[in-house]
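*Asks:* Have a look at the structure that comes next, please.
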Amino acid sequence: MSGTAGEPEVVAEDPALLGIDGITLDVHRAVYAAINAQNTIVRVDGDEITTVADAGDGINGVSSLSFGTSRGDRMNLFGVNFGVFSPVPTPSLFKIAVGVPGRPMP
C-alpha cells in the first residue's frame with residue numbers, strides 16, 4: 001500500500017440518500033447512513049436501501065452514527081439528532097437496536 005487514494009467508486013445512488021451525513025458499517029458490511037435532510041436512518045446492503053428509523057421514531061436532523069462497542073451495546077446503533085434546522089429542535093443522543101453487531105473499528 002502506498003497510502004494514496006484510489007479512484008472514487010459510487011456504491012449506492014438513490015434519492016433516499018439525499019442529505020446523507022454520517023455512516024457506519026455492520027459486521028456484514030451493510031452501511032447504515034444518517035440522512036439529515038430526510039430525518040431518516042437507512043441501511044444500504046448492495047442494491048437494497050431499507051429505512052431503519054424515521055421522524056416517527058424521533059429522528060430529527062440525524063448527523064452521525066456509531067455502533068456500541070461494549071458487550072451489551074454491540075447491536076445498538078447510537079446517533080445524534082442535530083435538529084437545529086427543525087421548526088421544533090430536539091437535539092439529542094439516541095440508540096436503536098438493529099439486531100446485528102457493528103463492524104469493529106481499527
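Ligands are numbered from 1 in the order shown, chains are lettered A, B, ... in the order of the C-alpha cells, and residues start at 1 in each chain.
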Looking only at helix (DSSP H, G or I) from DSSP on the backbone, list the matching residues of region 33-73 of chain A as a compact mmCIF listing (two decimals) with N, CA and C atoms, in the first residue's frame.
*Replies:*
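The result, written out as selection.txt:
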```txt
# COMPACT_ATOMS: atom_id res chain seq x y z
N ASN A 36 -29.69 13.30 7.02
CA ASN A 36 -30.05 14.51 7.74
C ASN A 36 -31.25 15.22 7.12
N ALA A 37 -31.23 15.43 5.82
CA ALA A 37 -32.26 16.21 5.14
C ALA A 37 -33.63 15.53 5.12
N GLN A 38 -33.67 14.21 5.34
CA GLN A 38 -34.93 13.48 5.28
C GLN A 38 -35.36 12.90 6.63
N ALA A 55 -38.70 10.06 11.18
CA ALA A 55 -39.19 11.10 12.10
C ALA A 55 -40.20 10.55 13.10
N GLY A 56 -41.00 9.57 12.68
CA GLY A 56 -41.97 8.96 13.59
C GLY A 56 -41.32 8.23 14.75
N ASP A 57 -40.03 7.89 14.58
CA ASP A 57 -39.26 7.23 15.64
C ASP A 57 -38.43 8.23 16.44
N ARG A 71 -20.09 -4.88 25.62
CA ARG A 71 -20.74 -6.17 25.50
C ARG A 71 -22.25 -6.07 25.26
N GLY A 72 -22.95 -5.26 26.00
CA GLY A 72 -24.40 -5.17 25.87
C GLY A 72 -24.89 -4.21 24.80
N ASP A 73 -23.97 -3.51 24.13
CA ASP A 73 -24.39 -2.48 23.17
C ASP A 73 -23.94 -2.74 21.74
```
*Asks:* Just list as a PyMOL selection string whatever in region 24-104 of chain A DSSP marks as strand (DSSP E or B).
*Replies:* chain A and resi 24-26+31-35+40-45+48-53+62-67+76-81+92-97+102
*Asks:* Find the residues around Leu17 (chain A) up to 12 Å (only C-alpha atoms counted), leave out those fewer than 4 positions away in its own chain, and share them as a list in words.
*Replies:* Val11, Ala12, Glu13, Asp21, Gly22, Ile23, Val31, Tyr32, Ala33, Ala34, Ile35, Asn36, Ala37, Gln38, Asn39, Thr40, Ile41, Val42, Arg43, Val44, Glu48, Ile49, Thr50 and Thr51 of chain A
*Asks:* Write a file of the just-selected residues containing N, CA and C atoms, as a PDB file, in the first residue's frame.
*Replies:*
```pdb
ATOM      1  N   VAL A  11     -21.019   3.422  -4.638  1.00  0.00           N
ATOM      2  CA  VAL A  11     -21.536   2.124  -4.193  1.00  0.00           C
ATOM      3  C   VAL A  11     -23.046   2.120  -4.055  1.00  0.00           C
ATOM      4  N   ALA A  12     -23.661   3.311  -3.983  1.00  0.00           N
ATOM      5  CA  ALA A  12     -25.120   3.421  -3.931  1.00  0.00           C
ATOM      6  C   ALA A  12     -25.501   4.819  -4.393  1.00  0.00           C
ATOM      7  N   GLU A  13     -26.561   4.868  -5.183  1.00  0.00           N
ATOM      8  CA  GLU A  13     -27.048   6.147  -5.685  1.00  0.00           C
ATOM      9  C   GLU A  13     -28.560   6.057  -5.737  1.00  0.00           C
ATOM     10  N   ASP A  21     -25.339  12.216   5.765  1.00  0.00           N
ATOM     11  CA  ASP A  21     -24.376  12.906   6.625  1.00  0.00           C
ATOM     12  C   ASP A  21     -23.349  11.935   7.196  1.00  0.00           C
ATOM     13  N   GLY A  22     -23.733  11.031   8.093  1.00  0.00           N
ATOM     14  CA  GLY A  22     -22.775  10.117   8.713  1.00  0.00           C
ATOM     15  C   GLY A  22     -23.063   8.677   8.348  1.00  0.00           C
ATOM     16  N   ILE A  23     -22.037   7.835   8.417  1.00  0.00           N
ATOM     17  CA  ILE A  23     -22.204   6.408   8.113  1.00  0.00           C
ATOM     18  C   ILE A  23     -21.447   5.544   9.117  1.00  0.00           C
ATOM     19  N   VAL A  31     -24.075  -0.793   5.129  1.00  0.00           N
ATOM     20  CA  VAL A  31     -23.812   0.581   5.552  1.00  0.00           C
ATOM     21  C   VAL A  31     -25.081   1.166   6.167  1.00  0.00           C
ATOM     22  N   TYR A  32     -24.947   1.732   7.354  1.00  0.00           N
ATOM     23  CA  TYR A  32     -26.042   2.468   7.991  1.00  0.00           C
ATOM     24  C   TYR A  32     -25.734   3.942   7.777  1.00  0.00           C
ATOM     25  N   ALA A  33     -26.703   4.684   7.229  1.00  0.00           N
ATOM     26  CA  ALA A  33     -26.465   6.078   6.867  1.00  0.00           C
ATOM     27  C   ALA A  33     -27.463   7.006   7.544  1.00  0.00           C
ATOM     28  N   ALA A  34     -26.957   8.108   8.068  1.00  0.00           N
ATOM     29  CA  ALA A  34     -27.780   9.166   8.641  1.00  0.00           C
ATOM     30  C   ALA A  34     -28.169  10.105   7.495  1.00  0.00           C
ATOM     31  N   ILE A  35     -29.457  10.212   7.231  1.00  0.00           N
ATOM     32  CA  ILE A  35     -29.936  11.081   6.159  1.00  0.00           C
ATOM     33  C   ILE A  35     -30.540  12.327   6.806  1.00  0.00           C
ATOM     34  N   ASN A  36     -29.694  13.301   7.021  1.00  0.00           N
ATOM     35  CA  ASN A  36     -30.050  14.511   7.743  1.00  0.00           C
ATOM     36  C   ASN A  36     -31.254  15.218   7.118  1.00  0.00           C
ATOM     37  N   ALA A  37     -31.234  15.430   5.820  1.00  0.00           N
ATOM     38  CA  ALA A  37     -32.265  16.213   5.143  1.00  0.00           C
ATOM     39  C   ALA A  37     -33.632  15.528   5.125  1.00  0.00           C
ATOM     40  N   GLN A  38     -33.668  14.207   5.339  1.00  0.00           N
ATOM     41  CA  GLN A  38     -34.935  13.481   5.278  1.00  0.00           C
ATOM     42  C   GLN A  38     -35.360  12.902   6.627  1.00  0.00           C
ATOM     43  N   ASN A  39     -34.589  13.183   7.669  1.00  0.00           N
ATOM     44  CA  ASN A  39     -34.891  12.669   9.012  1.00  0.00           C
ATOM     45  C   ASN A  39     -35.068  11.154   9.008  1.00  0.00           C
ATOM     46  N   THR A  40     -34.113  10.463   8.386  1.00  0.00           N
ATOM     47  CA  THR A  40     -34.151   9.003   8.344  1.00  0.00           C
ATOM     48  C   THR A  40     -32.776   8.415   8.611  1.00  0.00           C
ATOM     49  N   ILE A  41     -32.782   7.160   9.007  1.00  0.00           N
ATOM     50  CA  ILE A  41     -31.587   6.325   9.034  1.00  0.00           C
ATOM     51  C   ILE A  41     -31.904   5.170   8.097  1.00  0.00           C
ATOM     52  N   VAL A  42     -31.011   4.908   7.160  1.00  0.00           N
ATOM     53  CA  VAL A  42     -31.230   3.824   6.207  1.00  0.00           C
ATOM     54  C   VAL A  42     -30.098   2.814   6.298  1.00  0.00           C
ATOM     55  N   ARG A  43     -30.414   1.597   5.875  1.00  0.00           N
ATOM     56  CA  ARG A  43     -29.421   0.524   5.763  1.00  0.00           C
ATOM     57  C   ARG A  43     -29.232   0.260   4.282  1.00  0.00           C
ATOM     58  N   VAL A  44     -27.989   0.331   3.808  1.00  0.00           N
ATOM     59  CA  VAL A  44     -27.663   0.081   2.409  1.00  0.00           C
ATOM     60  C   VAL A  44     -26.915  -1.242   2.346  1.00  0.00           C
ATOM     61  N   GLU A  48     -30.076  -2.793  -2.154  1.00  0.00           N
ATOM     62  CA  GLU A  48     -31.258  -2.614  -1.318  1.00  0.00           C
ATOM     63  C   GLU A  48     -31.039  -1.513  -0.284  1.00  0.00           C
ATOM     64  N   ILE A  49     -31.980  -0.561  -0.240  1.00  0.00           N
ATOM     65  CA  ILE A  49     -31.955   0.508   0.753  1.00  0.00           C
ATOM     66  C   ILE A  49     -33.218   0.385   1.588  1.00  0.00           C
ATOM     67  N   THR A  50     -33.045   0.201   2.901  1.00  0.00           N
ATOM     68  CA  THR A  50     -34.155  -0.003   3.818  1.00  0.00           C
ATOM     69  C   THR A  50     -34.135   1.081   4.888  1.00  0.00           C
ATOM     70  N   THR A  51     -35.291   1.670   5.160  1.00  0.00           N
ATOM     71  CA  THR A  51     -35.381   2.656   6.240  1.00  0.00           C
ATOM     72  C   THR A  51     -35.397   1.930   7.579  1.00  0.00           C
TER      73      THR A  51
END
```
*Asks:* Give me, as CSV, each residue of region 54-84 of chain A that comes within 9 Å of region 96-102 of chain A, together with its shortest interatomic pair and the distance in Å at one decimal, counting only C-alpha atoms, with rows ordered by chain and rising residue number.
*Replies:*
```
residue,atom,partner,partner_atom,distance
A:Ser66,CA,A:Gly102,CA,8.0
A:Phe67,CA,A:Gly102,CA,5.2
A:Gly68,CA,A:Gly102,CA,7.3
A:Thr69,CA,A:Gly102,CA,8.0
A:Asp73,CA,A:Pro101,CA,8.4
A:Arg74,CA,A:Pro101,CA,4.9
A:Met75,CA,A:Pro101,CA,4.2
A:Asn76,CA,A:Ala97,CA,4.3
A:Leu77,CA,A:Ile96,CA,5.1
A:Phe78,CA,A:Ile96,CA,6.5
A:Gly79,CA,A:Ile96,CA,8.3
```
*Asks:* If we count only C-alpha atoms, what is near region 83-90 of chain A at a cut-off of 9 Å, once residues fewer than 5 positions away on the same chain are taken out, given as a ChimeraX atom specification?
*Replies:* /A:36,58-63
*Asks:* Rounded to one decimal in Å, what is the spacing between CA of Leu18 (chain A) and CA of Asp54 (chain A)?
*Replies:*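 Interatomic distance, CA of Leu18 (chain A) to CA of Asp54 (chain A): 14.1 Å.
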